[in-house]
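Pasting entry.txt here (compact mmCIF, C-alpha atoms):
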# COMPACT_ATOMS: atom_id res chain seq x y z
CA MET A 162 -122.97 -46.69 71.16
CA ALA A 163 -121.12 -44.65 73.77
CA ALA A 164 -122.59 -41.58 75.40
CA GLN A 165 -120.84 -38.71 77.07
CA PRO A 166 -122.27 -36.91 80.12
CA PRO A 167 -125.12 -34.76 78.77
CA SER A 168 -125.13 -31.00 78.55
CA ASP A 169 -128.14 -29.03 79.79
CA GLU A 170 -129.49 -29.05 76.27
CA LEU A 171 -129.29 -32.82 76.03
CA GLU A 172 -131.17 -33.23 79.28
CA LYS A 173 -134.06 -31.28 77.74
CA LEU A 174 -134.05 -33.51 74.71
CA SER A 175 -137.48 -34.39 73.41
CA VAL A 176 -137.46 -37.45 71.25
CA SER A 177 -139.69 -37.88 68.25
CA ASN A 178 -140.79 -41.24 66.97
CA GLY A 179 -140.20 -39.92 63.47
CA GLY A 180 -143.46 -41.39 62.27
CA ALA A 181 -141.64 -44.52 61.27
CA ASP A 182 -143.47 -47.11 63.31
CA SER A 183 -144.72 -48.87 60.22
CA LYS A 184 -144.55 -52.64 60.39
CA ALA A 185 -142.94 -54.80 57.73
CA ALA A 186 -145.30 -57.56 56.76
CA THR A 187 -143.79 -61.00 56.27
CA ALA A 188 -145.21 -62.91 53.34
CA LYS A 189 -146.08 -66.58 53.87
CA LYS A 190 -144.67 -68.82 51.19
CA GLY A 191 -146.19 -72.09 50.05
CA ASP A 192 -146.18 -74.21 46.90
CA ALA A 193 -149.57 -75.34 45.62
CA ALA A 194 -149.64 -79.02 44.68
CA ASP A 195 -150.93 -79.70 41.16
CA HIS A 196 -153.23 -82.74 40.82
CA SER A 197 -154.85 -84.24 37.70
CA GLY A 198 -158.38 -85.64 38.05
CA ASP A 199 -159.22 -89.38 37.87
CA GLU A 200 -162.05 -90.68 35.69
CA SER A 201 -165.16 -91.87 37.52
CA GLU A 202 -166.43 -95.45 37.05
CA ASP A 203 -169.60 -94.23 35.24
CA ASP A 204 -167.54 -92.28 32.75
CA ALA A 205 -165.32 -95.30 32.15
CA ASP A 206 -168.37 -97.53 31.41
CA ALA A 207 -169.81 -94.96 29.00
CA ASP A 208 -166.53 -94.74 27.15
CA ALA A 209 -166.35 -98.55 26.89
CA ASP A 210 -169.88 -98.72 25.32
CA ALA A 211 -168.98 -96.05 22.82
CA GLU A 212 -165.84 -97.91 21.81
CA ASP A 213 -167.86 -101.12 21.19
CA GLN A 214 -170.04 -99.28 18.61
CA THR A 215 -167.08 -97.93 16.64
CA ALA A 216 -164.92 -99.70 14.10
CA GLU A 217 -161.67 -101.26 15.14
CA PRO A 218 -158.72 -98.92 14.59
CA ALA A 219 -156.66 -99.53 11.46
CA PRO A 220 -153.51 -101.60 11.90
CA GLY A 221 -150.52 -99.48 12.85
CA ALA A 222 -152.66 -96.67 14.25
CA ALA A 223 -151.26 -95.03 17.44
CA LYS A 224 -152.77 -96.21 20.68
CA LYS A 225 -154.50 -93.62 22.82
CA LYS A 226 -152.26 -92.51 25.67
CA LYS A 227 -153.58 -92.90 29.17
CA ASN A 228 -153.73 -89.88 31.43
CA LYS A 229 -150.88 -90.00 33.94
CA LYS A 230 -151.28 -88.67 37.43
CA LYS A 231 -148.94 -85.77 38.15
CA LYS A 232 -146.95 -86.14 41.35
CA PRO A 233 -147.66 -83.39 43.84
CA LYS A 234 -144.79 -80.98 44.30
CA LYS A 235 -142.93 -81.32 47.56
CA LYS A 236 -143.33 -78.39 49.90
CA LYS A 237 -140.09 -76.71 50.78
CA LYS A 238 -139.23 -77.10 54.43
CA ALA A 239 -138.81 -73.91 56.40
CA PRO A 240 -135.17 -73.35 57.44
CA THR A 241 -134.40 -74.35 61.00
CA ALA A 242 -130.82 -73.13 61.30
CA GLN A 243 -128.84 -70.05 60.42
CA THR A 244 -126.37 -70.02 57.54
CA ASP A 245 -122.75 -68.89 57.53
CA PRO A 246 -122.64 -65.98 56.83
CA PRO A 247 -126.08 -65.22 58.28
CA SER A 248 -128.78 -64.91 55.61
CA VAL A 249 -131.97 -66.62 56.88
CA LEU A 250 -134.71 -64.24 57.95
CA MET A 251 -135.38 -64.18 61.68
CA SER A 252 -139.10 -64.37 60.88
CA GLN A 253 -138.52 -67.74 59.16
CA LEU A 254 -136.47 -69.18 62.01
CA PHE A 255 -139.00 -67.95 64.57
CA PRO A 256 -142.49 -68.04 62.99
CA ASN A 257 -145.41 -66.31 64.66
CA ASN A 258 -143.07 -63.82 66.38
CA THR A 259 -141.80 -66.45 68.83
CA TYR A 260 -138.42 -64.77 69.36
CA PRO A 261 -136.39 -65.91 72.38
CA LYS A 262 -136.63 -63.95 75.60
CA GLY A 263 -133.57 -62.30 77.07
CA GLU A 264 -132.32 -63.15 80.56
CA GLU A 265 -135.18 -62.41 82.97
CA VAL A 266 -134.10 -61.36 86.45
CA GLU A 267 -136.55 -60.87 89.32
CA TYR A 268 -136.46 -57.58 91.19
CA LYS A 269 -135.12 -57.55 94.74
CA ASN A 270 -136.01 -56.06 98.11
CA GLU A 271 -138.90 -53.59 98.07
CA ASN A 272 -139.58 -54.32 94.39
CA SER A 273 -139.78 -58.11 94.78
CA TYR A 274 -143.60 -57.89 94.86
CA ARG A 275 -143.57 -57.01 91.16
CA THR A 276 -142.89 -60.61 90.13
CA THR A 277 -146.31 -61.84 91.28
CA SER A 278 -148.33 -58.60 91.17
CA GLU A 279 -151.46 -59.00 89.01
CA GLU A 280 -151.44 -55.29 88.23
CA LYS A 281 -147.82 -55.41 87.01
CA ARG A 282 -148.50 -58.54 84.99
CA HIS A 283 -151.38 -56.76 83.30
CA LEU A 284 -149.10 -53.82 82.44
CA ASP A 285 -146.51 -56.24 81.11
CA ASN A 286 -149.09 -57.92 78.88
CA LEU A 287 -149.93 -54.58 77.30
CA ASN A 288 -146.37 -54.44 75.94
CA THR A 289 -146.41 -57.51 73.69
CA GLU A 290 -145.66 -55.58 70.48
CA PHE A 291 -142.84 -53.67 72.18
CA LEU A 292 -141.32 -56.91 73.50
CA THR A 293 -141.69 -58.70 70.16
CA ASP A 294 -139.78 -55.95 68.36
CA TYR A 295 -137.07 -55.85 71.01
CA ARG A 296 -136.64 -59.64 71.07
CA HIS A 297 -136.56 -59.72 67.26
CA ALA A 298 -133.76 -57.13 67.27
CA ALA A 299 -131.92 -58.88 70.11
CA GLU A 300 -131.91 -62.31 68.46
CA THR A 301 -130.66 -60.71 65.26
CA HIS A 302 -127.89 -59.07 67.27
CA ARG A 303 -126.90 -62.38 68.92
CA GLN A 304 -126.74 -64.33 65.69
CA VAL A 305 -124.80 -61.68 63.81
CA ARG A 306 -122.28 -60.97 66.57
CA GLN A 307 -121.64 -64.66 67.25
CA TRP A 308 -120.92 -65.15 63.56
CA ALA A 309 -118.61 -62.11 63.70
CA GLN A 310 -116.75 -63.42 66.75
CA LYS A 311 -116.01 -66.68 64.93
CA ASN A 312 -114.97 -65.07 61.66
CA ILE A 313 -113.10 -61.87 62.50
CA LYS A 314 -109.38 -62.47 62.05
CA PRO A 315 -106.23 -60.35 61.84
CA GLY A 316 -105.56 -59.43 58.24
CA GLN A 317 -109.12 -58.34 57.50
CA SER A 318 -109.85 -54.70 56.75
CA LEU A 319 -112.05 -52.76 59.16
CA THR A 320 -114.33 -51.98 56.22
CA GLU A 321 -114.78 -55.69 55.48
CA ILE A 322 -115.57 -56.36 59.15
CA ALA A 323 -118.06 -53.50 59.55
CA GLU A 324 -119.87 -54.11 56.28
CA GLY A 325 -120.02 -57.87 56.91
CA ILE A 326 -121.84 -57.20 60.18
CA GLU A 327 -124.16 -54.56 58.74
CA ASP A 328 -125.08 -56.57 55.64
CA SER A 329 -125.85 -59.59 57.84
CA ILE A 330 -128.18 -57.48 60.00
CA ARG A 331 -130.02 -56.24 56.93
CA ARG A 332 -130.45 -59.76 55.55
CA LEU A 333 -131.77 -61.16 58.82
CA VAL A 334 -134.42 -58.47 59.32
CA GLY A 335 -135.32 -58.48 55.62
CA HIS A 336 -134.66 -54.80 54.94
CA ASP A 337 -131.69 -53.81 52.80
CA GLY A 338 -132.27 -50.10 53.40
CA LEU A 339 -131.93 -49.17 49.74
CA SER A 340 -135.51 -48.15 49.01
CA GLU A 341 -136.77 -44.93 50.55
CA GLY A 342 -137.72 -45.35 54.20
CA ASP A 343 -136.77 -49.04 54.34
CA ALA A 344 -133.92 -48.51 56.85
CA LYS A 345 -136.43 -46.89 59.23
CA VAL A 346 -138.52 -50.07 59.40
CA ALA A 347 -135.72 -52.35 60.57
CA GLY A 348 -131.98 -52.68 60.16
CA VAL A 349 -128.78 -51.21 61.53
CA GLY A 350 -129.39 -49.26 64.76
CA PHE A 351 -126.24 -47.12 64.41
CA PRO A 352 -122.92 -47.38 62.54
CA THR A 353 -120.91 -50.43 63.58
CA GLY A 354 -118.02 -49.34 65.78
CA VAL A 355 -114.68 -51.06 65.14
CA ASN A 356 -112.48 -49.17 67.58
CA LEU A 357 -108.82 -50.12 67.89
CA ASP A 358 -106.57 -49.84 70.94
CA HIS A 359 -106.72 -46.29 72.41
CA ILE A 360 -109.80 -45.42 70.29
CA ALA A 361 -112.64 -46.14 72.71
CA ALA A 362 -115.73 -45.35 70.62
CA HIS A 363 -117.40 -43.80 67.56
CA PHE A 364 -115.06 -45.00 64.83
CA THR A 365 -116.29 -46.78 61.72
CA PRO A 366 -114.38 -46.63 58.43
CA ASN A 367 -115.34 -44.08 55.82
CA ALA A 368 -114.99 -44.90 52.12
CA GLY A 369 -111.36 -45.44 51.16
CA ASN A 370 -110.17 -46.38 54.64
CA LYS A 371 -107.60 -49.18 54.31
CA THR A 372 -106.92 -49.97 58.01
CA ILE A 373 -106.14 -53.67 58.55
CA LEU A 374 -106.78 -55.49 61.82
CA GLN A 375 -103.49 -56.61 63.36
CA GLN A 376 -102.63 -59.46 65.73
CA SER A 377 -101.60 -56.91 68.37
CA ASN A 378 -104.85 -54.90 68.28
CA VAL A 379 -107.57 -54.71 70.92
CA MET A 380 -110.82 -54.06 69.04
CA LYS A 381 -114.14 -52.91 70.47
CA VAL A 382 -117.06 -54.04 68.29
CA ASP A 383 -120.17 -51.96 68.99
CA ILE A 384 -123.28 -53.17 67.13
CA GLY A 385 -126.79 -51.72 66.95
CA VAL A 386 -129.91 -53.43 65.59
CA HIS A 387 -133.39 -51.95 65.46
CA VAL A 388 -136.85 -53.22 64.60
CA ASN A 389 -139.50 -50.51 64.32
CA GLY A 390 -137.20 -48.12 66.18
CA LYS A 391 -136.58 -50.46 69.15
CA ILE A 392 -132.78 -50.35 69.32
CA VAL A 393 -130.62 -53.07 70.87
CA ASP A 394 -127.18 -51.67 71.72
CA SER A 395 -124.57 -54.22 72.71
CA ALA A 396 -120.78 -54.41 72.40
CA PHE A 397 -117.86 -56.74 73.03
CA THR A 398 -114.06 -56.56 72.79
CA MET A 399 -111.76 -58.88 70.85
CA SER A 400 -108.02 -59.43 71.25
CA PHE A 401 -105.70 -62.03 69.81
CA ASP A 402 -103.00 -61.99 72.48
CA PRO A 403 -103.63 -63.35 76.02
CA MET A 404 -101.57 -60.42 77.33
CA TYR A 405 -104.78 -58.33 77.22
CA ASP A 406 -107.02 -60.89 78.95
CA ASN A 407 -107.15 -59.05 82.28
CA LEU A 408 -108.18 -55.81 80.58
CA LEU A 409 -111.09 -57.57 78.89
CA ALA A 410 -112.00 -59.44 82.10
CA ALA A 411 -112.11 -56.19 84.10
CA VAL A 412 -114.53 -54.51 81.69
CA LYS A 413 -116.75 -57.55 81.26
CA ASP A 414 -116.97 -57.90 85.06
CA ALA A 415 -117.75 -54.19 85.45
CA THR A 416 -120.53 -54.38 82.85
CA ASN A 417 -122.02 -57.47 84.50
CA THR A 418 -121.91 -55.63 87.83
CA GLY A 419 -123.86 -52.75 86.29
CA VAL A 420 -126.39 -55.13 84.74
CA ARG A 421 -126.78 -57.10 88.00
CA GLU A 422 -127.22 -54.06 90.24
CA ALA A 423 -129.45 -52.06 87.87
CA GLY A 424 -133.15 -51.97 88.62
CA ILE A 425 -136.18 -49.83 89.40
CA ASP A 426 -135.42 -47.10 91.98
CA VAL A 427 -131.62 -47.61 91.76
CA ARG A 428 -129.76 -44.28 91.89
CA LEU A 429 -127.48 -43.80 88.89
CA GLY A 430 -124.60 -42.21 90.84
CA GLU A 431 -124.46 -45.15 93.25
CA LEU A 432 -124.57 -47.63 90.36
CA GLY A 433 -121.57 -45.84 88.84
CA GLY A 434 -119.67 -46.34 92.09
CA LEU A 435 -120.29 -50.10 92.05
CA ILE A 436 -119.14 -50.30 88.43
CA GLN A 437 -115.98 -48.33 89.19
CA GLU A 438 -115.16 -50.46 92.23
CA THR A 439 -115.32 -53.63 90.14
CA MET A 440 -113.39 -52.18 87.20
CA GLU A 441 -110.56 -50.73 89.23
CA SER A 442 -109.97 -53.89 91.25
CA TYR A 443 -108.11 -55.22 88.19
CA GLU A 444 -104.69 -54.56 86.71
CA CYS A 445 -103.08 -55.75 83.50
CA GLU A 446 -99.46 -56.52 82.64
CA ILE A 447 -98.54 -55.52 79.09
CA ASN A 448 -95.02 -56.07 77.78
CA GLY A 449 -93.63 -56.29 81.30
CA THR A 450 -95.35 -53.18 82.67
CA THR A 451 -98.30 -53.45 85.05
CA TYR A 452 -101.15 -50.98 84.47
CA PRO A 453 -104.13 -50.30 86.75
CA ILE A 454 -107.41 -50.55 84.85
CA LYS A 455 -109.29 -47.25 85.04
CA SER A 456 -112.93 -46.51 84.28
CA ILE A 457 -113.13 -43.94 81.50
CA ARG A 458 -114.85 -41.29 83.58
CA ASN A 459 -116.28 -39.16 80.76
CA LEU A 460 -118.05 -42.04 79.00
CA THR A 461 -121.41 -43.32 80.22
CA GLY A 462 -124.22 -45.72 79.54
CA HIS A 463 -127.59 -44.21 78.64
CA THR A 464 -131.30 -44.69 78.19
CA ILE A 465 -132.59 -45.66 74.75
CA LEU A 466 -135.79 -44.19 73.32
CA PRO A 467 -137.71 -45.20 70.18
CA TYR A 468 -135.62 -44.20 67.15
CA SER A 469 -133.14 -42.43 69.44
CA ILE A 470 -130.00 -44.17 70.69
CA HIS A 471 -129.23 -41.62 73.44
CA GLY A 472 -132.09 -40.82 75.79
CA THR A 473 -132.16 -38.33 78.64
CA LYS A 474 -130.57 -40.39 81.45
CA SER A 475 -126.89 -41.29 81.71
CA VAL A 476 -125.32 -44.20 83.60
CA PRO A 477 -121.92 -43.10 84.91
CA ILE A 478 -119.14 -45.67 85.27
CA VAL A 479 -117.57 -43.83 88.21
CA LYS A 480 -119.19 -42.82 91.49
CA SER A 481 -121.10 -39.55 91.25
CA ALA A 482 -123.63 -37.46 93.12
CA ASP A 483 -126.32 -38.13 90.50
CA ASN A 484 -129.47 -39.08 92.44
CA THR A 485 -131.56 -39.74 89.34
CA LYS A 486 -133.43 -43.03 89.70
CA MET A 487 -134.02 -45.79 87.20
CA GLU A 488 -137.75 -46.16 86.59
CA GLU A 489 -140.26 -48.72 85.41
CA GLY A 490 -140.37 -48.78 81.61
CA ASP A 491 -136.83 -47.45 81.15
CA VAL A 492 -134.59 -49.07 78.56
CA PHE A 493 -130.89 -48.75 79.42
CA ALA A 494 -127.65 -49.45 77.62
CA ILE A 495 -125.31 -50.52 80.42
CA GLU A 496 -121.87 -50.04 78.91
CA THR A 497 -118.52 -49.74 80.60
CA PHE A 498 -115.10 -48.77 79.28
CA GLY A 499 -111.77 -49.59 80.89
CA SER A 500 -108.39 -48.13 79.97
CA THR A 501 -104.69 -48.58 80.70
CA GLY A 502 -104.25 -44.87 79.93
CA ASN A 503 -105.65 -41.70 81.48
CA GLY A 504 -109.20 -42.97 81.87
CA TYR A 505 -110.39 -39.90 79.97
CA VAL A 506 -111.20 -39.51 76.26
CA HIS A 507 -111.13 -36.60 73.84
CA ASP A 508 -112.49 -35.99 70.31
CA GLU A 509 -109.99 -36.62 67.55
CA GLY A 510 -109.98 -37.77 63.93
CA GLU A 511 -112.24 -37.94 60.90
CA VAL A 512 -115.96 -38.10 61.73
CA SER A 513 -117.96 -41.09 60.51
CA HIS A 514 -121.05 -41.10 62.82
CA TYR A 515 -123.95 -38.66 62.39
CA ALA A 516 -127.58 -38.36 63.49
CA LEU A 517 -130.46 -36.01 62.78
CA ARG A 518 -131.29 -34.12 65.98
CA SER A 519 -134.82 -34.67 67.23
CA ASP A 520 -134.82 -31.09 68.54
CA ALA A 521 -133.29 -29.65 65.37
CA PRO A 522 -133.91 -25.91 64.96
CA LYS A 523 -135.74 -24.55 61.94
CA VAL A 524 -133.00 -23.04 59.83
CA ASP A 525 -133.25 -21.35 56.45
CA LEU A 526 -130.66 -23.43 54.60
CA ARG A 527 -129.10 -21.51 51.73
CA LEU A 528 -126.92 -24.32 50.45
CA SER A 529 -128.92 -26.42 47.99
CA SER A 530 -126.80 -29.52 48.67
CA ALA A 531 -127.62 -29.23 52.38
CA LYS A 532 -131.36 -28.98 51.63
CA SER A 533 -131.40 -32.04 49.38
CA LEU A 534 -129.23 -34.06 51.77
CA LEU A 535 -131.48 -33.19 54.71
CA ASN A 536 -134.41 -34.56 52.74
CA VAL A 537 -132.50 -37.82 52.10
CA ILE A 538 -131.59 -38.15 55.78
CA LYS A 539 -135.16 -37.54 56.98
CA LYS A 540 -136.67 -40.03 54.54
CA ASN A 541 -134.09 -42.79 54.99
CA PHE A 542 -132.87 -42.58 58.59
CA GLY A 543 -135.00 -40.18 60.59
CA THR A 544 -133.23 -39.82 63.94
CA ILE A 545 -131.42 -43.18 63.69
CA PRO A 546 -127.62 -42.59 63.52
CA PHE A 547 -125.98 -43.18 60.15
CA ALA A 548 -122.50 -43.32 58.65
CA ARG A 549 -121.12 -41.73 55.52
CA ARG A 550 -120.97 -45.22 54.02
CA TYR A 551 -124.76 -45.41 54.29
CA LEU A 552 -125.09 -42.29 52.17
CA ASP A 553 -122.64 -43.78 49.67
CA ARG A 554 -124.72 -46.95 49.25
CA LEU A 555 -127.81 -44.80 48.60
CA GLY A 556 -125.97 -43.27 45.66
CA GLN A 557 -125.30 -39.89 47.25
CA GLU A 558 -122.25 -38.10 45.85
CA LYS A 559 -120.30 -34.96 46.79
CA TYR A 560 -122.40 -34.53 49.92
CA LEU A 561 -119.69 -33.61 52.43
CA LEU A 562 -120.10 -29.84 52.09
CA GLY A 563 -123.86 -30.13 52.62
CA LEU A 564 -123.39 -32.53 55.54
CA ASN A 565 -120.96 -30.20 57.29
CA ASN A 566 -123.40 -27.34 56.75
CA LEU A 567 -126.15 -29.34 58.47
CA VAL A 568 -123.81 -30.01 61.40
CA GLN A 569 -122.86 -26.34 61.67
CA SER A 570 -126.54 -25.38 61.55
CA GLY A 571 -127.31 -27.63 64.53
CA ILE A 572 -129.64 -29.85 62.51
CA VAL A 573 -127.37 -32.91 62.41
CA GLU A 574 -125.17 -34.04 65.31
CA ASP A 575 -121.71 -35.39 64.52
CA TYR A 576 -119.95 -37.91 66.77
CA PRO A 577 -116.16 -37.75 66.38
CA PRO A 578 -114.00 -40.70 67.46
CA LEU A 579 -113.27 -40.75 71.22
CA LEU A 580 -109.63 -41.45 72.13
CA ASP A 581 -107.57 -41.99 75.28
CA LYS A 582 -103.84 -41.25 75.11
CA LYS A 583 -101.88 -42.89 72.31
CA GLY A 584 -100.19 -46.12 73.33
CA SER A 585 -102.92 -47.05 75.80
CA TYR A 586 -105.48 -49.82 75.38
CA THR A 587 -109.22 -49.60 75.98
CA ALA A 588 -111.98 -52.23 76.19
CA GLN A 589 -115.79 -52.15 76.18
CA PHE A 590 -118.66 -54.48 76.99
CA GLU A 591 -122.32 -53.49 76.84
CA HIS A 592 -125.84 -54.86 77.25
CA THR A 593 -129.33 -53.48 76.74
CA ILE A 594 -131.77 -54.02 79.62
CA LEU A 595 -135.54 -53.49 79.80
CA LEU A 596 -136.97 -52.50 83.19
CA ARG A 597 -140.31 -54.21 82.67
CA PRO A 598 -143.09 -53.90 85.27
CA THR A 599 -142.55 -57.50 86.49
CA VAL A 600 -138.89 -58.33 85.79
CA LYS A 601 -135.64 -56.91 84.49
CA GLU A 602 -134.92 -58.40 81.07
CA VAL A 603 -131.32 -58.38 79.85
CA ILE A 604 -132.54 -58.42 76.28
CA SER A 605 -129.12 -58.76 74.61
CA ARG A 606 -127.72 -61.50 76.87
CA GLY A 607 -126.30 -64.52 75.03
CA ASP A 608 -124.11 -67.55 75.56
CA ASP A 609 -121.10 -65.48 74.48
CA TYR A 610 -121.36 -62.70 77.09
Would you mind writing the file's structure down as structure tokens?
Amino acid sequence: MAAQPPSDELEKLSVSNGGADSKAATAKKGDAADHSGDESEDDADADADAEDQTAEPAPGAAKKKKNKKKKPKKKKKAPTAQTDPPSVLMSQLFPNNTYPKGEEVEYKNENSYRTTSEEKRHLDNLNTEFLTDYRHAAETHRQVRQWAQKNIKPGQSLTEIAEGIEDSIRRLVGHDGLSEGDAKVAGVGFPTGVNLDHIAAHFTPNAGNKTILQQSNVMKVDIGVHVNGKIVDSAFTMSFDPMYDNLLAAVKDATNTGVREAGIDVRLGELGGLIQETMESYECEINGTTYPIKSIRNLTGHTILPYSIHGTKSVPIVKSADNTKMEEGDVFAIETFGSTGNGYVHDEGEVSHYALRSDAPKVDLRLSSAKSLLNVIKKNFGTIPFARRYLDRLGQEKYLLGLNNLVQSGIVEDYPPLLDKKGSYTAQFEHTILLRPTVKEVISRGDDY
């Protein structure tokens, strides 16, 4: 989920865990086999003696039926592969929390000692629960997005695409988000972005939207998955015309540059310069006109905190004087955006993304609908971003006035769509990285990107 350069207030942001670190227990299933007992030899002899002392049964009398052994029920085999669409719980595919690791990359230069340092290994081993949650979320992300990449086709509605992704996430983590507080345990990390052409970020369809994906569109798909507030933020771009291939290649290369060069003690402004240099070495010919690919200078990557998609550090995608360093323990979303337009976005259009502010002021709300809606948001999402569609599926009605009041009161943040100039095309690729004490783990890396 895209970030814009923070204001002074954002830099002072203090993130709350929202008290939602409860774990979802996974029940172990098993069928008990039902067995009938066999008679012992002594019992059989006793029965035979008794029969000898009794009269012969009358002709035509029914013979005594022998006890038949019941066959034990076969135990159901645990699933070993994902379905299409995805529906098998991650916890069944990976029992005992054995979720795959991301791409582990050793630190370089003065930090190369970390790979073999006993002290750093000890610190790393203290983070097993943190890593389990992150790897759980990351594998869910991989399986859902790879299904989406195979199945998204022109002619589908953006609503169908977004809800297909979100419903798959909920099935795989085992939390449908319909009971109170369930979405805070695990599920969608933020509204699924399905951003077309010059819309770079923060668009997901609201109820009633009938936009259809066209053959000529360039669509950014931005997906978030969380488990116990550990959010994996990763995005890719799809197009259906090879004319746009260079645009997509430029942004993918820029993101991989950012991921490769990121690490402990790296200065964010310098990292932005390396990203920009890679991005702007490309150009793209569209309908006979050649366009230079520009980094969108007012969009950035960002740190991720528990239950908060935007932390306090930003990763620029152009060179800057920011001397802030990446540090051990940081979680970063390295995301880059390229454009054939101005390389600068502005807010425009109907808002679909919202989030409760962790530093929300205490306000005496006079509107009853705002009070009741705030209660729903706190109990169901906490500080995890949500869409209007998520309120709809909880059964909320006529909430827009109350929602706007919460935004105006500074309690809820709204995230309008971010657009470059009309007629331009934008692309996005993004990965989440963990700066662990011993290695950098590209937690969202997959075979696809």
Practice task
Would you mind telling me which residue in A:Gly584, A:Gly449, A:Gly369, A:Gly556 lies nearest to Glu341 (chain A) when using all atoms listed in the file?
Solution key: A:Gly556
Which residues of region 322-421 of chain A have any atom within 12 Å of an atom in region 261-274 of chain A when counting all atoms listed in the file, and what is the closest pair of atoms for each, with the distance in Å to one decimal? Order the rows by chain and rising number and write it as a Markdown table.
| residue | atom | partner | partner_atom | distance |
| --- | --- | --- | --- | --- |
| A:Val393 | CA | A:Gly263 | CA | 11.5 |
| A:Val420 | CA | A:Val266 | CA | 10.1 |
| A:Arg421 | CA | A:Val266 | CA | 8.6 |
Handout entry: Exercise: region 310-326 of chain A partners within 6 Å, all atoms listed in the file, chain neighbours under 5 positions left out, as a count of residues only
Key = 7
Exercise for the section: With a distance cut-off of 8 Å and only C-alpha atoms, select the neighbouring residues of Phe498 (chain A), excluding the residue or stretch itself and same-chain residues fewer than 2 positions from it, and output the selection as a list in words. Expected result: Ala361, Val412, Ser456, Ile457, Leu460, Ile478, Glu496, Ser500, Thr587, Ala588, Gln589 and Phe590 of chain A
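CA of Thr473 (chain A) is positioned 28.7 Å from CA of Gly502 (chain A).
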Exercise for the section: List the neighbours of Ile538 (chain A) out to 12 Å using all atoms listed in the file; skip same-chain residues closer than 4 positions along the sequence, and give me the result as JSON, numbers by chain. Expected result: {"A": [179, 341, 342, 344, 345, 515, 516, 517, 518, 531, 532, 533, 534, 542, 543, 544, 545, 546, 547, 548, 549, 551, 552, 555, 557, 560, 563, 564, 567, 572, 573]}
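Here CA of Tyr295 (chain A) stands at a distance of 7.7 Å from CA of His387 (chain A).
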Problem - Separation of CA of Lys381 (chain A) from CA of Asp358 (chain A) in Å - result: 8.2 Å
Problem - Polymer residues at most 9 Å from Arg332 (chain A), only C-alpha atoms, same-chain spacing of 3 or more positions, as a ChimeraX atom specification - result: /A:247-250,327-329,335-337,348
Problem - Within 10 Å of region 576-580 of chain A using all atoms listed in the file, minus same-chain residues under 6 positions, as a ChimeraX atom specification - result: /A:163-165,354,356-365,460,504-516,546,586-587
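If you measure from each of A:Gln437, A:Ser519, A:Asn536, A:Asn459 to Gly472 (chain A) using only C-alpha atoms, the closest one turns out to be A:Ser519.
Nearest residue to Gly350 (chain A) among A:Leu287, A:Ile465, A:Ile425, A:Leu595 is A:Ile465, counting only C-alpha atoms.
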Practice task
May I ask which of the residues A:Asp245, A:Pro166, A:Phe291, A:Asp406 is the closest one to Arg458 (chain A), counting only C-alpha atoms?
Solution key: A:Pro166
